[in-house]
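**Student:** Pasting a structure below so you can have a look.
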Amino acid sequence: MNLPMNNELNQPITRRKMLARAGTGLGTLGLAGLLAESGDRLAASPTSSLASKATHFAPRAKRVIHLFMNGGPSQVDTFDPKPSLDKYHGQRPPNANLKTERRTGGLFKSPFKFQKHGQSGVEVSEIFPEVAKCIDDIAVLRGMHTDVPNHEPSLLMMTCGNSQPVRPSMGSWLCYGLGTENQNLPGFVVLCPGKPVVGPQLWSNSFLPGVYQGCHIRKLDPKNVVEHVNNTHLSPVSQRQQLDLIHRLNAIHSKERERDAQLEARIQSMEIAFRMQAEAPEAFDLTHETKATRELYGSGNFADSCLVARRLVERGVRMVQVFYGSGQPWDDHGNIENGHRGKAKSSDRAVAGLLRDLKARGLLDDTLVLWGGEFGRTPVSEGSNGRDHNHHGFSVWLAGGGVRGGLTYGATDEFGFAAVENKMHVHDLHATMLHLMGIDHERLTYRYSGRDFRLTDVHGRIVKEIIA
């Protein structure tokens with residue numbers, strides 16, 4: 001597929017330009033002008049919780065897009081081919097007896113063919129033909145493992161670094177440590193349709209200040225993307241005057257209460273809600289994109305979410321998390337062939353389109369993209385043609401943001417059951433991602449309940465072998 005070539009593709013979009021678009025018709029003292037002034041003031045203010053902050057060392061990445069294939073894609077059917085499954089199909093050798101959640105049968109060969117792609121020759125399943133074309137920009141991590149084979153604790157581990165609720169999510173930690181580049185949008189946005197099974201725990205700020213909580217977006221309708229964000233009763237100037245008065249009163253109230261965290265969160269929420277009125281609808285309005293760009297991503301809710309993710313990071317949002325769907329859609333306990341083929345078909349083009357679009361706009365170099373689920377699936381069968389959850393070994397991949405493309409790191413055993421070489425725990429993944437963002441994961445801490453907490457808890461190893 002050809003990349004969209006238009007006059008704006010490689011042109012940097014400044015925040016003032018975007019606000020000017022959003023505020024057309026409001027006049028010189030309209031919302032856009034007010035937001036540009038107040039946003040610049042807050043960005044420069046050291047007292048703003050969301051103001052950009054210095055990194056511990058020079059970062060390779062400035063922002064993160066997490067493409068979350070919740071439910072658990074099968075590594076042996078996507079990015080970790082295992083010829084031994086064909087050879088021993090139906091058998092149950094001793095090293096295929098690792099304990100998982102359910103009763104399973106013999107080894108189950110993949111119904112999909114694998115082929116080498118790109119100059120690197122990394123093997124990719126036939127169900128991802130478009131992503132395969134981008135493999136030279138991707139580092140496949142085949143030695144991942146986590147703690148338990150249950151959805152809820154593993155979802156929490158992947159998003160929050162701990163299997164017990166409720167701890168701050170990775171996006172909240174990033175905003176706490178780095179702030180955000182755009183004061184008119186949330187620093188952490190979660191694109192998750194409908195009502196997820198685990199829900200807000202996956203993007204919780206927990207004990208971090210409330211301003212760092214993920215902003216959950218259920219619908220991509222630009223007019224209603226955030227409920228109750230538009231004020232239909234007051235003019236922008238009146239809103240600004242009213243908000244300034246409330247801030248002065250709250251400052252007095254807060255000083256008397258030693259800067260109560262909940263009060264501070266409410267103050268920050270009112271401010272960002274005011275500033276979001278102009279920029280949030282514009283950021284989610286895909287009608288601004290060219291036909292060529294829309295075709296690059298394909299159609300459907302996931303495709304639109306990937307395109308919105310690019311628009312948000314382009315506008316300075318620190319982290320965007322894109323869930324494939326609500327619940328656990330990749331959770332194919334039966335008929336792995338039809339299930340995985342269908343989900344891959346509806347996401348392959350969008351994921352590849354995102355990587356190509358970021359690269360064409362010069363954003364991939366400093367945007368870190370993570371693709372994967374909370375765990376993998378067993379190489380042995382559940383029922384006749386499904387796979388159970390598998391936490392012993394699975395695959396995710398990283399692209400952009402200082403990652404070496406066109407490589408595989410780590411390995412599972414001959415059947416793809418357990419990580420055996422260059423093993424990476426989720427803590428190691430988080431530590432490496434924070435390192436790429438210019439953060440020492442051992443120094444990003446928050447004092448709470450008598451101890452210092454961090455995303456990686458007391459664990460985490462930086463995997464420098466995958467860094468360019």
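Simple scheme: letters A, B, ... for chains in structure tokens order, numbers from 1 for residues in each chain, numbers from 1 for ligands in the order shown.
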Residues near Gly106 in chain A, anyone? I mean within 6 Å using only C-alpha atoms, not counting same-chain ones fewer than 3 positions away, as a list in words.

**Tutor:**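 Result of the neighbour search: Gly90, Gln91, Arg92, Val380 and Ser381 of chain A.
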
**Student:** Run DSSP on the backbone and tell me which residues of range 48-190 of chain A come out as alpha helix (DSSP H); list them as a list of chain:residue names.

**Tutor:**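 Across range 48-190 of chain A, those assigned alpha helix (DSSP H) are A:Pro83, A:Ser84, A:Leu85, A:Asp86, A:Lys87, A:Pro129, A:Glu130, A:Val131, A:Ala132, A:His151, A:Glu152, A:Pro153, A:Ser154, A:Leu155, A:Leu156, A:Met157, A:Met158, A:Thr159, A:Cys160, A:Met170, A:Gly171, A:Ser172, A:Trp173, A:Leu174, A:Cys175, A:Tyr176, A:Gly177, A:Leu178.
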
**Student:** Go ahead and write the residues just picked, C-alpha atoms, as a PDB file, in the first residue's frame.

**Tutor:**
```pdb
ATOM      1  CA  PRO A  83       8.261 -26.621  13.715  1.00  0.00           C
ATOM      2  CA  SER A  84       8.286 -29.205  16.528  1.00  0.00           C
ATOM      3  CA  LEU A  85       4.545 -28.709  16.940  1.00  0.00           C
ATOM      4  CA  ASP A  86       4.051 -30.109  13.444  1.00  0.00           C
ATOM      5  CA  LYS A  87       6.399 -32.999  14.159  1.00  0.00           C
ATOM      6  CA  PRO A 129       0.754  -9.738   6.158  1.00  0.00           C
ATOM      7  CA  GLU A 130       0.897  -5.936   6.603  1.00  0.00           C
ATOM      8  CA  VAL A 131       2.727  -5.921   9.935  1.00  0.00           C
ATOM      9  CA  ALA A 132       5.193  -8.373   8.374  1.00  0.00           C
ATOM     10  CA  HIS A 151      -6.688 -12.559  33.133  1.00  0.00           C
ATOM     11  CA  GLU A 152      -7.293 -10.046  35.904  1.00  0.00           C
ATOM     12  CA  PRO A 153      -3.930 -10.252  37.726  1.00  0.00           C
ATOM     13  CA  SER A 154      -2.043 -10.490  34.427  1.00  0.00           C
ATOM     14  CA  LEU A 155      -3.872  -7.473  32.981  1.00  0.00           C
ATOM     15  CA  LEU A 156      -2.912  -5.557  36.103  1.00  0.00           C
ATOM     16  CA  MET A 157       0.692  -6.754  35.870  1.00  0.00           C
ATOM     17  CA  MET A 158       1.045  -5.620  32.256  1.00  0.00           C
ATOM     18  CA  THR A 159      -0.551  -2.215  32.824  1.00  0.00           C
ATOM     19  CA  CYS A 160       0.419  -1.451  36.433  1.00  0.00           C
ATOM     20  CA  MET A 170       2.339   2.855  33.585  1.00  0.00           C
ATOM     21  CA  GLY A 171       0.690   5.870  31.940  1.00  0.00           C
ATOM     22  CA  SER A 172       0.148   7.480  35.339  1.00  0.00           C
ATOM     23  CA  TRP A 173       3.770   6.866  36.300  1.00  0.00           C
ATOM     24  CA  LEU A 174       4.956   8.415  33.015  1.00  0.00           C
ATOM     25  CA  CYS A 175       2.840  11.539  33.533  1.00  0.00           C
ATOM     26  CA  TYR A 176       3.973  11.794  37.147  1.00  0.00           C
ATOM     27  CA  GLY A 177       7.619  11.516  36.124  1.00  0.00           C
ATOM     28  CA  LEU A 178       7.616  13.478  32.882  1.00  0.00           C
TER      29      LEU A 178
END
```

**Student:** Show which residues sit within 9 Å of Gly373 in chain A, as a PyMOL selection string. Count only C-alpha atoms, and ignore same-chain residues fewer than 3 positions away.

**Tutor:** chain A and resi 67-73+155+158+330+376+394-396

**Student:** Using only C-alpha atoms, I'd like a table of the residues in range 410-464 of chain A that come within 12 Å of range 397-400 of chain A; for each, show the closest atom pair and its distance in Å rounded to one decimal, ordered by chain and ascending number, as a tab-separated table.

**Tutor:**
```
residue	atom	partner	partner_atom	distance
A:Gly410	CA	A:Trp397	CA	11.5
A:Leu429	CA	A:Leu398	CA	9.8
A:His430	CA	A:Leu398	CA	11.7
A:Thr432	CA	A:Leu398	CA	10.7
A:Met433	CA	A:Leu398	CA	9.3
A:Leu436	CA	A:Gly400	CA	10.1
A:Met437	CA	A:Gly400	CA	11.7
```

**Student:** Give me, please, the distance in Å between CA of Ile462 in chain A and CA of Ala431 in chain A, quoted to one decimal.

**Tutor:** 5.5 Å

**Student:** Need the shell around Asn338 in chain A: protein/DNA/RNA residues with any atom at most 12 Å away, counting only C-alpha atoms. Skip same-chain ones fewer than 3 positions apart. Format as a PyMOL selection string?

**Tutor:** chain A and resi 77+110-112+127+330+332-335+341-345+385-386

**Student:** Find the distance between CA of Ala280 in chain A and CA of Leu185 in chain A and write it in Å to one decimal.

**Tutor:**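 Calculated distance between CA of Ala280 in chain A and CA of Leu185 in chain A is 6.5 Å.
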
**Student:** Using only C-alpha atoms, find the one residue out of A:Tyr212, A:Phe453, A:Phe323, A:Phe128 that sits nearest to Gly372 in chain A.

**Tutor:** A:Phe323

**Student:** Can you tell me, as an MDAnalysis selection string, what residues are no more than 7 Å from Met144 in chain A when counting only C-alpha atoms, ignoring any on the same chain fewer than 5 positions away?

**Tutor:** chainID A and resid 393:395 419 423:425

**Student:** Near Arg167 in chain A, counting only C-alpha atoms, which residues have an atom at most 9 Å away, once you skip same-chain residues fewer than 4 positions from it, shown as a PyMOL selection string?

**Tutor:** chain A and resi 156+160-163+201-202+204-208+455

**Student:** I need the strand (DSSP E or B) residues of range 162-374 of chain A per DSSP on the backbone, written as JSON, numbers by chain.

**Tutor:** {"A": [188, 189, 190, 191, 215, 216, 217, 319, 320, 321, 322, 323, 367, 368, 369, 370, 371, 372]}

**Student:** Using N, CA and C atoms, can you write the selected residues to a file as a PDB file, in the first residue's frame?

**Tutor:**
```pdb
ATOM      1  N   PHE A 188      -2.504  11.239  29.649  1.00  0.00           N
ATOM      2  CA  PHE A 188      -2.651   9.790  29.513  1.00  0.00           C
ATOM      3  C   PHE A 188      -4.076   9.503  29.053  1.00  0.00           C
ATOM      4  N   VAL A 189      -4.218   8.971  27.842  1.00  0.00           N
ATOM      5  CA  VAL A 189      -5.536   8.710  27.253  1.00  0.00           C
ATOM      6  C   VAL A 189      -5.676   7.213  26.992  1.00  0.00           C
ATOM      7  N   VAL A 190      -6.843   6.678  27.352  1.00  0.00           N
ATOM      8  CA  VAL A 190      -7.134   5.251  27.176  1.00  0.00           C
ATOM      9  C   VAL A 190      -8.308   5.102  26.210  1.00  0.00           C
ATOM     10  N   LEU A 191      -8.063   4.481  25.066  1.00  0.00           N
ATOM     11  CA  LEU A 191      -9.097   4.249  24.068  1.00  0.00           C
ATOM     12  C   LEU A 191      -9.581   2.806  24.229  1.00  0.00           C
ATOM     13  N   CYS A 215      -7.473   9.054  31.085  1.00  0.00           N
ATOM     14  CA  CYS A 215      -8.775   9.558  30.629  1.00  0.00           C
ATOM     15  C   CYS A 215      -9.385   8.499  29.707  1.00  0.00           C
ATOM     16  N   HIS A 216     -10.420   7.821  30.171  1.00  0.00           N
ATOM     17  CA  HIS A 216     -11.021   6.718  29.431  1.00  0.00           C
ATOM     18  C   HIS A 216     -11.977   7.256  28.363  1.00  0.00           C
ATOM     19  N   ILE A 217     -11.727   6.894  27.116  1.00  0.00           N
ATOM     20  CA  ILE A 217     -12.570   7.289  25.995  1.00  0.00           C
ATOM     21  C   ILE A 217     -13.304   6.053  25.484  1.00  0.00           C
ATOM     22  N   MET A 319       1.082   9.368  26.804  1.00  0.00           N
ATOM     23  CA  MET A 319       0.838   7.948  26.561  1.00  0.00           C
ATOM     24  C   MET A 319      -0.589   7.725  26.098  1.00  0.00           C
ATOM     25  N   VAL A 320      -0.748   6.896  25.084  1.00  0.00           N
ATOM     26  CA  VAL A 320      -2.063   6.485  24.602  1.00  0.00           C
ATOM     27  C   VAL A 320      -2.116   4.965  24.631  1.00  0.00           C
ATOM     28  N   GLN A 321      -3.141   4.451  25.275  1.00  0.00           N
ATOM     29  CA  GLN A 321      -3.339   3.005  25.343  1.00  0.00           C
ATOM     30  C   GLN A 321      -4.560   2.652  24.495  1.00  0.00           C
ATOM     31  N   VAL A 322      -4.358   1.762  23.526  1.00  0.00           N
ATOM     32  CA  VAL A 322      -5.437   1.370  22.616  1.00  0.00           C
ATOM     33  C   VAL A 322      -5.781  -0.087  22.880  1.00  0.00           C
ATOM     34  N   PHE A 323      -6.935  -0.338  23.478  1.00  0.00           N
ATOM     35  CA  PHE A 323      -7.395  -1.704  23.689  1.00  0.00           C
ATOM     36  C   PHE A 323      -8.016  -2.223  22.390  1.00  0.00           C
ATOM     37  N   THR A 367       8.722   7.843  19.230  1.00  0.00           N
ATOM     38  CA  THR A 367       7.479   7.277  19.753  1.00  0.00           C
ATOM     39  C   THR A 367       7.690   5.783  19.945  1.00  0.00           C
ATOM     40  N   LEU A 368       7.506   5.311  21.160  1.00  0.00           N
ATOM     41  CA  LEU A 368       7.689   3.898  21.472  1.00  0.00           C
ATOM     42  C   LEU A 368       6.343   3.189  21.362  1.00  0.00           C
ATOM     43  N   VAL A 369       6.272   2.177  20.492  1.00  0.00           N
ATOM     44  CA  VAL A 369       5.043   1.423  20.272  1.00  0.00           C
ATOM     45  C   VAL A 369       5.210   0.024  20.859  1.00  0.00           C
ATOM     46  N   LEU A 370       4.269  -0.366  21.731  1.00  0.00           N
ATOM     47  CA  LEU A 370       4.236  -1.704  22.326  1.00  0.00           C
ATOM     48  C   LEU A 370       3.004  -2.436  21.831  1.00  0.00           C
ATOM     49  N   TRP A 371       3.194  -3.659  21.319  1.00  0.00           N
ATOM     50  CA  TRP A 371       2.082  -4.519  20.885  1.00  0.00           C
ATOM     51  C   TRP A 371       2.138  -5.807  21.679  1.00  0.00           C
ATOM     52  N   GLY A 372       0.988  -6.246  22.207  1.00  0.00           N
ATOM     53  CA  GLY A 372       0.953  -7.533  22.896  1.00  0.00           C
ATOM     54  C   GLY A 372      -0.196  -7.620  23.867  1.00  0.00           C
TER      55      GLY A 372
END
```

**Student:** Distance table requested - range 348-465 of chain A against range 299-318 of chain A, cut-off 9 Å, only C-alpha atoms: one row per qualifying residue with the closest atom pair and its distance in Å to one decimal, ordered by chain and rising residue number, as a Markdown table.

**Tutor:**
```
| residue | atom | partner | partner_atom | distance |
| --- | --- | --- | --- | --- |
| A:Arg349 | CA | A:Ala303 | CA | 7.8 |
| A:Ala350 | CA | A:Ala303 | CA | 4.8 |
| A:Val351 | CA | A:Cys306 | CA | 7.1 |
| A:Gly353 | CA | A:Cys306 | CA | 8.4 |
| A:Leu354 | CA | A:Cys306 | CA | 6.3 |
| A:Asp357 | CA | A:Arg310 | CA | 8.1 |
| A:Leu358 | CA | A:Arg310 | CA | 7.1 |
| A:Leu363 | CA | A:Glu314 | CA | 7.7 |
| A:Thr367 | CA | A:Val313 | CA | 8.1 |
```

**Student:** Interatomic distance between CA of Pro165 in chain A and CA of Pro200 in chain A?

**Tutor:** 10.6 Å
